[in-house]
Structure formats: structure tokens, C-alpha cells
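Just below is one structure, and these are the notes that go with it.
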Amino acid sequence: MTSLPVSTEKRLGLAIDLDTCVGCQACVTACKGWNDQGYGVPLSDQNPYGAEPSGVFLNRVHSYAVQPIDGAAQTINFPRSCLHCEDAPCVTVCPTGASYKRSEDGIVLVNEDACIGCGLCAWACPYGAREMDAAAGVMKKCTLCVDRIYNENLPEEDREPACVRGCPTGARHFGDFADPDSKVSRLSAARGGYALMPDLGTKPVNRYLPPRKKDVRQDASILAPLLDIKASGFAGWLDRVLGKI
Amino acid sequence: MHPAPSVIVFSVLSGAGFGLLFYFGFGFAHPSGLMAFLWWGLGYSLAVIGLLASTFHLGNPKRAWRAFTQWRTSWLSREAWASVAALVLLAPMALSDWLDLGLPRPFGWLGGALALLTVFTTSMIYTQIKAVPRWHHWLTPVMFLSFALAGGAVLAGQSFAAVFLAALVVMLLAIWQVGDGQFARRAQTLGTATGLDRIGDVTVFEQAHTAGNYLLREMIFVVGRKHAQKLRAIALALAAVIPAGLLAISGEVWAFALAAICHLIGALAARWLFFAEAEHVVGLFYGKR
Ligand code: SF4
Ligand code: SF4
Ligand code: SF4
């Protein structure tokens, strides 16, 4: 049913740290690898080795150059995947009931058996989090790795999303934002985590942690005092004598 | 947004078809005999061909019946219901006109109203999308309804059709004028979309992927806007000005036929622009619009 739940018991989502993300695309690869053989149809590629390859990814990492008013420009890498919005417009527009938001944990999913591939949900998502699978004609999106996080066949430490597990710098954190004491809630509170485009009223669950303040560049070299050597003793005498010649 | 031919053809033909059925339902025209069969048939064909065309852009057309299930929240689902209800409820009226059964006209009122409601539900599919600022405006339903009423009036051979076509001129100029400023009024930029404006000026350093993808093809359609101004002039002339002029000169059948063809071609151009000129906010992440 494409009516949204009034509230969800948990609000599972990701906290993405823009300070530590190095833009290595490991989460993109981990996500594609897991979801290619997990929930629903594989994430197909078209013409993968040809001149114009194309394919479905549930997570994409952008790189931006940001120039502050003063100070040096920064490169900020920006992963973009579904934010599991509380007021998800992608769900209510769906004519078939294929798109839905789970009342137990707030995960937004597509029931691929019911999806007609009309693409309306992808139009409704302001964040570009949905991509149509050109081979199967159904909509694909981040599942928050629903087939990992509750999967008792996996070792305990692997029961988190593939992108979180695969990130070499620990820039992606998974947890319950409804619990103020969870790791992600505390992290978001401490670092001033923010939601994307809040004025569109989608109420995203995921939070982005802004890059930390950078040091101010010092024009004087910190080695300068060490270079200003005052010789003393014998060396000092020699210095004075030689200076006079 | 990508101007998919199937969706453009669908919305123009079914809009005109339901517009025509609206006039029949309310008895603005009541043909009889063979004339009724052909004329009502035209209305039904346009509406049905349009609906069929809309299934061509589906990834899984064989499951299209499921689109009837979510009428509580989804405008697309409501459109499915309204269109079928209109077509079914108008059938007795059409039969009565054709076979001269003498059914009282009020039988057609409900179906006629549903025909117009169908056009409204179609327009709401676009109007509801906040992520496309150009569409998210009350002028969008006004535009769809104006096209249906003007196109329907021409097809129904109504004497007031020229007036409706003239109104269409005003409506088109208004929606283009307002639409052009809609994205800017939202004040969304790459900086606000990523939230990085809190640090400084944001530009794209490197794209997230070197090849194309669904988002770039479907939502970030930038190629067609080059000739937008010329196409607007063509759409305005063909959809409204020329047919209005034709009907001002003559009230003969040939004038109506020519005006109808001319209007439909212009409407297709206008609908193409409705998609091609619409910008989705996701383009911001790519530094494109
Ligand atoms: S990010 Fe997009 S796809 Fe995900 S819940 Fe929000 S609107 Fe839906
Ligand atoms: S593409 Fe599938 S999931 Fe998306 S709105 Fe259409 S039917 Fe629903
Ligand atoms: S949570 Fe899973 S599906 Fe979602 S982006 Fe991460 S790896 Fe991909």
C-alpha cells in the first residue's frame, strides 16, 4: 500500500561523514556487488565494455570543489543514495503499490513483482536515488541492505549495509535515528548532521556530517625560528673573526 | 525531463478525446445515426489510443492492471479509474445517439464530468512533482484542461471554439512566462542541494560517473532547449492562432477539420516543450539543469 505509515518504530538510515570520505568509490562497488546478487533482479549493465556503457547503481559518489570566502579550496566527496525519507514522495505517487515504506524500520523498498516500470517514483524523488533497470523494466533503489542487516546467516559484524562495511575510511555509519542514544544519533548531534533539501518536505532520515573546520594556513614558516641560528662559544668567536676579514 | 513520444502522444490525444466526450456527454452536440457512430467513435478512439500509447513507456506493460490499486494516494491510479469510468458511463449515451434510443440527456452528465475529471487527474500526475518546479504550479492543470476544452470544442464543431482557442493563446503565454521563473523561485542551487553552501561556493570537481545513466537520460534532458523559442512560436500559431483564425473566417465542416488537425499538431509541439523545458532538481547534483 502506498499510503505512508504515520510513524515507524525505528528510523534506520545512514550518517555519511563528508570529512572522512575520500571518494574512493569503494561503497559504490560494494553496493553494486552485493545487490547484484541479493534483493530482487540483478543490477543490469548495458553495453558494459562498449563505447557507451550504462548501468544501474544504487549509490553514486560525486566530487565537488568548494571555495570558502577565505582559505584554500576544498575537495569534498559526496556519496548519494536513498535517504529513506519519512515523507517519501516516491511512495505516494506509485500507482501499483510496488513502492512502500516499512512501518517497522522505515526502510523504503520496491516490490519488484508489482512494479510496472512507469518511472513516476524516480521523477518524484528529488535526490536521484532511483534508477530504472533497463533489462528487467523495474525500478531499483537502495534497500538499506535489508537482506544483510537482519541476516542471521551472516557473521554478526557483517550485519550492516555493504557500503558501510566496505568503506575503508569509516565514512558511512548505519543505525537507528529514532533512538537518541544510537551511534548515528550521537554522531549526528555532535557533528551538526544535516538533511538534504529539507524545504522540499521529504523529511530524509539519512544525515550528512559536514567537513570539520580546516586549520588556517600560516604564511610564516614554523621552521623560521630554527633557521635564525645564533652561534656561541668557539663557533661564535670564529663567526665574528671571519666576519671581520 | 525526457520528452517520451508515447507520453506526449498519449496526453495530447486522450486530452482532446476526453474533451470531445465531455461535450457529447453534456449534449452540446447530439449527432444521430451513422454520424453519431463515427463522431462518438472518434472521441472513444482518441481517448483509448491515448491510453494505450501510455502503456508503451512502461517497463512491464503486462502488469498495467495493478495501476488501478492505489487510488487513495496516486494520481496515476486515479487517472486509470476516472478514464475507465468515463468511457463506461458514456457508453449508453453513445449507443442511444447512434441507435436513436432516446435516452434523456442527463444520463450523459456524469460521464461527461468524469471525462473532464480524467484530464484533471492526468495533469495532477505532473503538478504533484515538487522536484520539477516548472510543473509544480496550478497553471499546469489549467493548461491541460484548456487544451481539452479547446480541442474538444473544435472536434465537436462548436461555434464558441474560436473563443476557447483565443483563450488558449493567453494561457500558453502565461504558463511559459510563469514557468520560466519557477526554478529560480525555488532558489535551489548545487550549494543548497548538497548543503555545502555552508562552507563556500560549490562547483563540480569530477562527475560521479563518466558514462550516462538513467538519471541523465530521463531527468536531465538538456539537448532540446536550444530551439525552444522557435518551437513556442510554432506551437502558439498551430495550436491556437491559426485554428482560431480559420474558424473566424468560416463555420463550414472543412474549416473545423483543418482547424482540428492544425490544433493537434500544435498541441503536440506544446506538450513536447512541456517536458523538454522542465528541469528536475536532481540535475543540480550534476551541475546541470
Ligand atoms: S531519497 Fe528518494 S527514493 Fe529515497 S525515500 Fe527519499 S524520495 Fe524516496
Ligand atoms: S516505477 Fe514501479 S515502483 Fe515506481 S511508481 Fe511505477 S510502479 Fe511504482
Ligand atoms: S545500504 Fe546497501 S543498497 Fe543502500 S547504498 Fe548501501 S550498499 Fe547500497
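Identifiers for the C-alpha cells are assigned positionally: chains receive A, B, ... in sequence, residues are indexed from 1 per chain, and ligands are indexed from 1 in the order shown.
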Counting only C-alpha atoms and all ligand atoms, which residues of chain A fall within 8 Å of ligand 2, and what is the closest atom pair for each with its distance in Å at one decimal, ordered by chain and rising number, as a Markdown table?
```
| residue | atom | partner | partner_atom_place_in_ligand_line | distance |
| --- | --- | --- | --- | --- |
| A:Cys90 | CA | ligand 2 | 5 (S) | 6.9 |
| A:Val91 | CA | ligand 2 | 5 (S) | 7.2 |
| A:Val93 | CA | ligand 2 | 5 (S) | 6.0 |
| A:Cys94 | CA | ligand 2 | 5 (S) | 3.6 |
| A:Pro95 | CA | ligand 2 | 8 (Fe) | 5.8 |
| A:Thr96 | CA | ligand 2 | 7 (S) | 5.1 |
| A:Gly97 | CA | ligand 2 | 8 (Fe) | 6.2 |
| A:Ala98 | CA | ligand 2 | 3 (S) | 4.8 |
| A:Ser99 | CA | ligand 2 | 3 (S) | 4.5 |
| A:Val110 | CA | ligand 2 | 3 (S) | 5.6 |
| A:Asn111 | CA | ligand 2 | 3 (S) | 7.2 |
| A:Glu112 | CA | ligand 2 | 2 (Fe) | 7.3 |
| A:Ala114 | CA | ligand 2 | 7 (S) | 6.8 |
| A:Cys115 | CA | ligand 2 | 2 (Fe) | 3.7 |
| A:Ile116 | CA | ligand 2 | 7 (S) | 4.4 |
| A:Gly117 | CA | ligand 2 | 1 (S) | 3.7 |
| A:Cys118 | CA | ligand 2 | 6 (Fe) | 4.0 |
| A:Gly119 | CA | ligand 2 | 1 (S) | 3.9 |
| A:Leu120 | CA | ligand 2 | 5 (S) | 4.6 |
| A:Cys121 | CA | ligand 2 | 5 (S) | 4.2 |
| A:Ala122 | CA | ligand 2 | 4 (Fe) | 6.5 |
| A:Met132 | CA | ligand 2 | 1 (S) | 7.4 |
| A:Val138 | CA | ligand 2 | 2 (Fe) | 6.0 |
| A:Met139 | CA | ligand 2 | 1 (S) | 5.1 |
```
Among the residues of range 9-238 of chain A, find those DSSP assigns to strand (DSSP E) from the backbone and print them as a ChimeraX atom specification.
/A:12-17,45-46,54-55,59-67,74-81,99-101,108-110,130-132,139-141,172-176,207-209
Ligand 1: which residues are within 9 Å, counting only C-alpha atoms and all ligand atoms, as a ChimeraX atom specification?
/A:80-91,99,101,107-109,121-122,124-130,141-142,202-206
Could you write out, as an MDAnalysis selection string, all the residues of range 26-100 of chain B that DSSP marks as helix (DSSP H, G or I)?
chainID B and resid 33:57 61:68 75:99
Each residue of chain A lying at most 9 Å from ligand 3 should get a row with its shortest atom-to-atom pair and the distance in Å to one decimal, counting only C-alpha atoms and all ligand atoms; could you produce that, ordered by chain and increasing number, as a tab-separated table?
```
residue	atom	partner	partner_atom_place_in_ligand_line	distance
A:Gly13	CA	ligand 3	1 (S)	8.2
A:Leu14	CA	ligand 3	1 (S)	7.8
A:Cys27	CA	ligand 3	7 (S)	6.6
A:Val28	CA	ligand 3	8 (Fe)	7.2
A:Thr29	CA	ligand 3	7 (S)	8.6
A:Ala30	CA	ligand 3	7 (S)	6.2
A:Cys31	CA	ligand 3	7 (S)	3.6
A:Lys32	CA	ligand 3	8 (Fe)	6.8
A:Gly33	CA	ligand 3	7 (S)	8.5
A:Trp34	CA	ligand 3	7 (S)	6.9
A:Asn35	CA	ligand 3	3 (S)	6.4
A:Phe57	CA	ligand 3	8 (Fe)	8.0
A:Leu58	CA	ligand 3	8 (Fe)	5.4
A:Asn59	CA	ligand 3	5 (S)	4.8
A:Arg60	CA	ligand 3	5 (S)	8.4
A:Pro79	CA	ligand 3	5 (S)	9.0
A:Arg80	CA	ligand 3	5 (S)	8.1
A:Ser81	CA	ligand 3	5 (S)	5.4
A:Cys82	CA	ligand 3	4 (Fe)	6.8
A:Lys141	CA	ligand 3	3 (S)	7.0
A:Cys142	CA	ligand 3	3 (S)	3.8
A:Thr143	CA	ligand 3	3 (S)	4.6
A:Leu144	CA	ligand 3	1 (S)	3.4
A:Cys145	CA	ligand 3	2 (Fe)	3.9
A:Val146	CA	ligand 3	2 (Fe)	7.6
A:Asp147	CA	ligand 3	2 (Fe)	8.8
A:Arg148	CA	ligand 3	2 (Fe)	8.3
A:Glu160	CA	ligand 3	1 (S)	8.0
A:Pro161	CA	ligand 3	1 (S)	4.5
A:Ala162	CA	ligand 3	7 (S)	4.2
A:Cys163	CA	ligand 3	7 (S)	4.0
A:Val164	CA	ligand 3	6 (Fe)	6.5
A:Arg165	CA	ligand 3	7 (S)	8.4
A:Gly166	CA	ligand 3	7 (S)	8.5
A:Arg172	CA	ligand 3	6 (Fe)	8.8
A:Phe174	CA	ligand 3	1 (S)	8.3
```
Hey, can you spit out that residue selection with N, CA and C atoms as a short mmCIF file (atom, residue, chain, number, x, y, z; two decimals), in the first residue's frame?
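Done, and the output landed in again-v2.cif:
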```cif
data_model
loop_
_atom_site.label_atom_id
_atom_site.label_comp_id
_atom_site.auth_asym_id
_atom_site.auth_seq_id
_atom_site.Cartn_x
_atom_site.Cartn_y
_atom_site.Cartn_z
N GLY A 13 18.82 4.31 9.06
CA GLY A 13 19.41 5.11 7.99
C GLY A 13 20.91 5.21 8.14
N LEU A 14 21.49 6.07 7.32
CA LEU A 14 22.94 6.23 7.28
C LEU A 14 23.34 7.63 7.72
N CYS A 27 32.32 2.16 -1.71
CA CYS A 27 30.91 1.89 -1.35
C CYS A 27 30.08 1.64 -2.59
N VAL A 28 30.43 2.33 -3.68
CA VAL A 28 29.70 2.14 -4.95
C VAL A 28 29.88 0.71 -5.43
N THR A 29 31.12 0.25 -5.35
CA THR A 29 31.45 -1.10 -5.81
C THR A 29 30.86 -2.16 -4.87
N ALA A 30 30.97 -1.91 -3.56
CA ALA A 30 30.44 -2.87 -2.59
C ALA A 30 28.93 -3.00 -2.76
N CYS A 31 28.28 -1.87 -2.97
CA CYS A 31 26.82 -1.85 -3.13
C CYS A 31 26.42 -2.61 -4.38
N LYS A 32 27.10 -2.31 -5.48
CA LYS A 32 26.77 -3.00 -6.74
C LYS A 32 27.03 -4.49 -6.60
N GLY A 33 28.14 -4.84 -5.96
CA GLY A 33 28.50 -6.25 -5.80
C GLY A 33 27.45 -7.01 -5.00
N TRP A 34 27.04 -6.45 -3.86
CA TRP A 34 26.06 -7.15 -3.02
C TRP A 34 24.69 -7.21 -3.67
N ASN A 35 24.26 -6.08 -4.18
CA ASN A 35 22.88 -6.00 -4.67
C ASN A 35 22.69 -6.62 -6.04
N PHE A 57 23.15 1.73 -10.62
CA PHE A 57 23.86 1.78 -9.35
C PHE A 57 22.91 2.38 -8.31
N LEU A 58 22.99 1.90 -7.09
CA LEU A 58 22.10 2.41 -6.05
C LEU A 58 22.78 3.48 -5.21
N ASN A 59 24.02 3.75 -5.54
CA ASN A 59 24.82 4.66 -4.75
C ASN A 59 25.85 5.26 -5.70
N ARG A 60 25.97 6.58 -5.67
CA ARG A 60 26.91 7.26 -6.57
C ARG A 60 27.71 8.24 -5.74
N PRO A 79 28.80 11.14 -1.35
CA PRO A 79 28.04 9.95 -1.73
C PRO A 79 26.54 10.27 -1.73
N ARG A 80 25.84 9.71 -2.70
CA ARG A 80 24.40 9.98 -2.83
C ARG A 80 23.64 8.66 -3.01
N SER A 81 22.83 8.31 -2.03
CA SER A 81 21.97 7.13 -2.14
C SER A 81 20.64 7.47 -1.47
N CYS A 82 19.70 6.55 -1.47
CA CYS A 82 18.37 6.84 -0.92
C CYS A 82 18.48 7.28 0.53
N LYS A 141 16.33 0.63 -6.24
CA LYS A 141 16.77 1.65 -5.30
C LYS A 141 17.49 1.00 -4.14
N CYS A 142 18.17 1.82 -3.33
CA CYS A 142 18.85 1.33 -2.13
C CYS A 142 17.85 0.63 -1.22
N THR A 143 18.21 -0.57 -0.75
CA THR A 143 17.33 -1.33 0.13
C THR A 143 17.77 -1.21 1.58
N LEU A 144 18.75 -0.37 1.81
CA LEU A 144 19.44 -0.28 3.09
C LEU A 144 19.98 -1.67 3.47
N CYS A 145 20.23 -2.44 2.41
CA CYS A 145 20.72 -3.81 2.57
C CYS A 145 19.87 -4.59 3.57
N VAL A 146 18.56 -4.56 3.31
CA VAL A 146 17.61 -5.23 4.20
C VAL A 146 17.92 -6.73 4.27
N ASP A 147 18.60 -7.26 3.25
CA ASP A 147 18.94 -8.68 3.25
C ASP A 147 20.30 -8.95 3.91
N ARG A 148 20.90 -7.93 4.50
CA ARG A 148 22.13 -8.13 5.29
C ARG A 148 21.88 -7.85 6.77
N GLU A 160 25.53 -5.34 8.55
CA GLU A 160 25.33 -3.92 8.27
C GLU A 160 25.45 -3.74 6.76
N PRO A 161 24.97 -2.59 6.24
CA PRO A 161 24.97 -2.42 4.78
C PRO A 161 26.34 -2.63 4.16
N ALA A 162 26.33 -3.14 2.93
CA ALA A 162 27.58 -3.44 2.23
C ALA A 162 28.45 -2.19 2.07
N CYS A 163 27.80 -1.04 1.83
CA CYS A 163 28.56 0.19 1.62
C CYS A 163 29.25 0.64 2.91
N VAL A 164 28.59 0.39 4.04
CA VAL A 164 29.15 0.75 5.34
C VAL A 164 30.33 -0.17 5.65
N ARG A 165 30.10 -1.46 5.42
CA ARG A 165 31.11 -2.48 5.71
C ARG A 165 32.33 -2.28 4.80
N GLY A 166 32.07 -1.85 3.57
CA GLY A 166 33.16 -1.78 2.59
C GLY A 166 33.96 -0.49 2.66
N ARG A 172 30.89 5.93 6.43
CA ARG A 172 29.44 5.65 6.40
C ARG A 172 29.08 4.90 7.68
N PHE A 174 25.80 3.22 10.02
CA PHE A 174 24.43 2.73 9.91
C PHE A 174 23.83 2.62 11.31
#
```
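When only C-alpha atoms are used to compute distances to Trp75 in chain B, the closest of the residues A:Ser54, A:Thr75, A:Thr2, A:Gln218 turns out to be A:Thr2.
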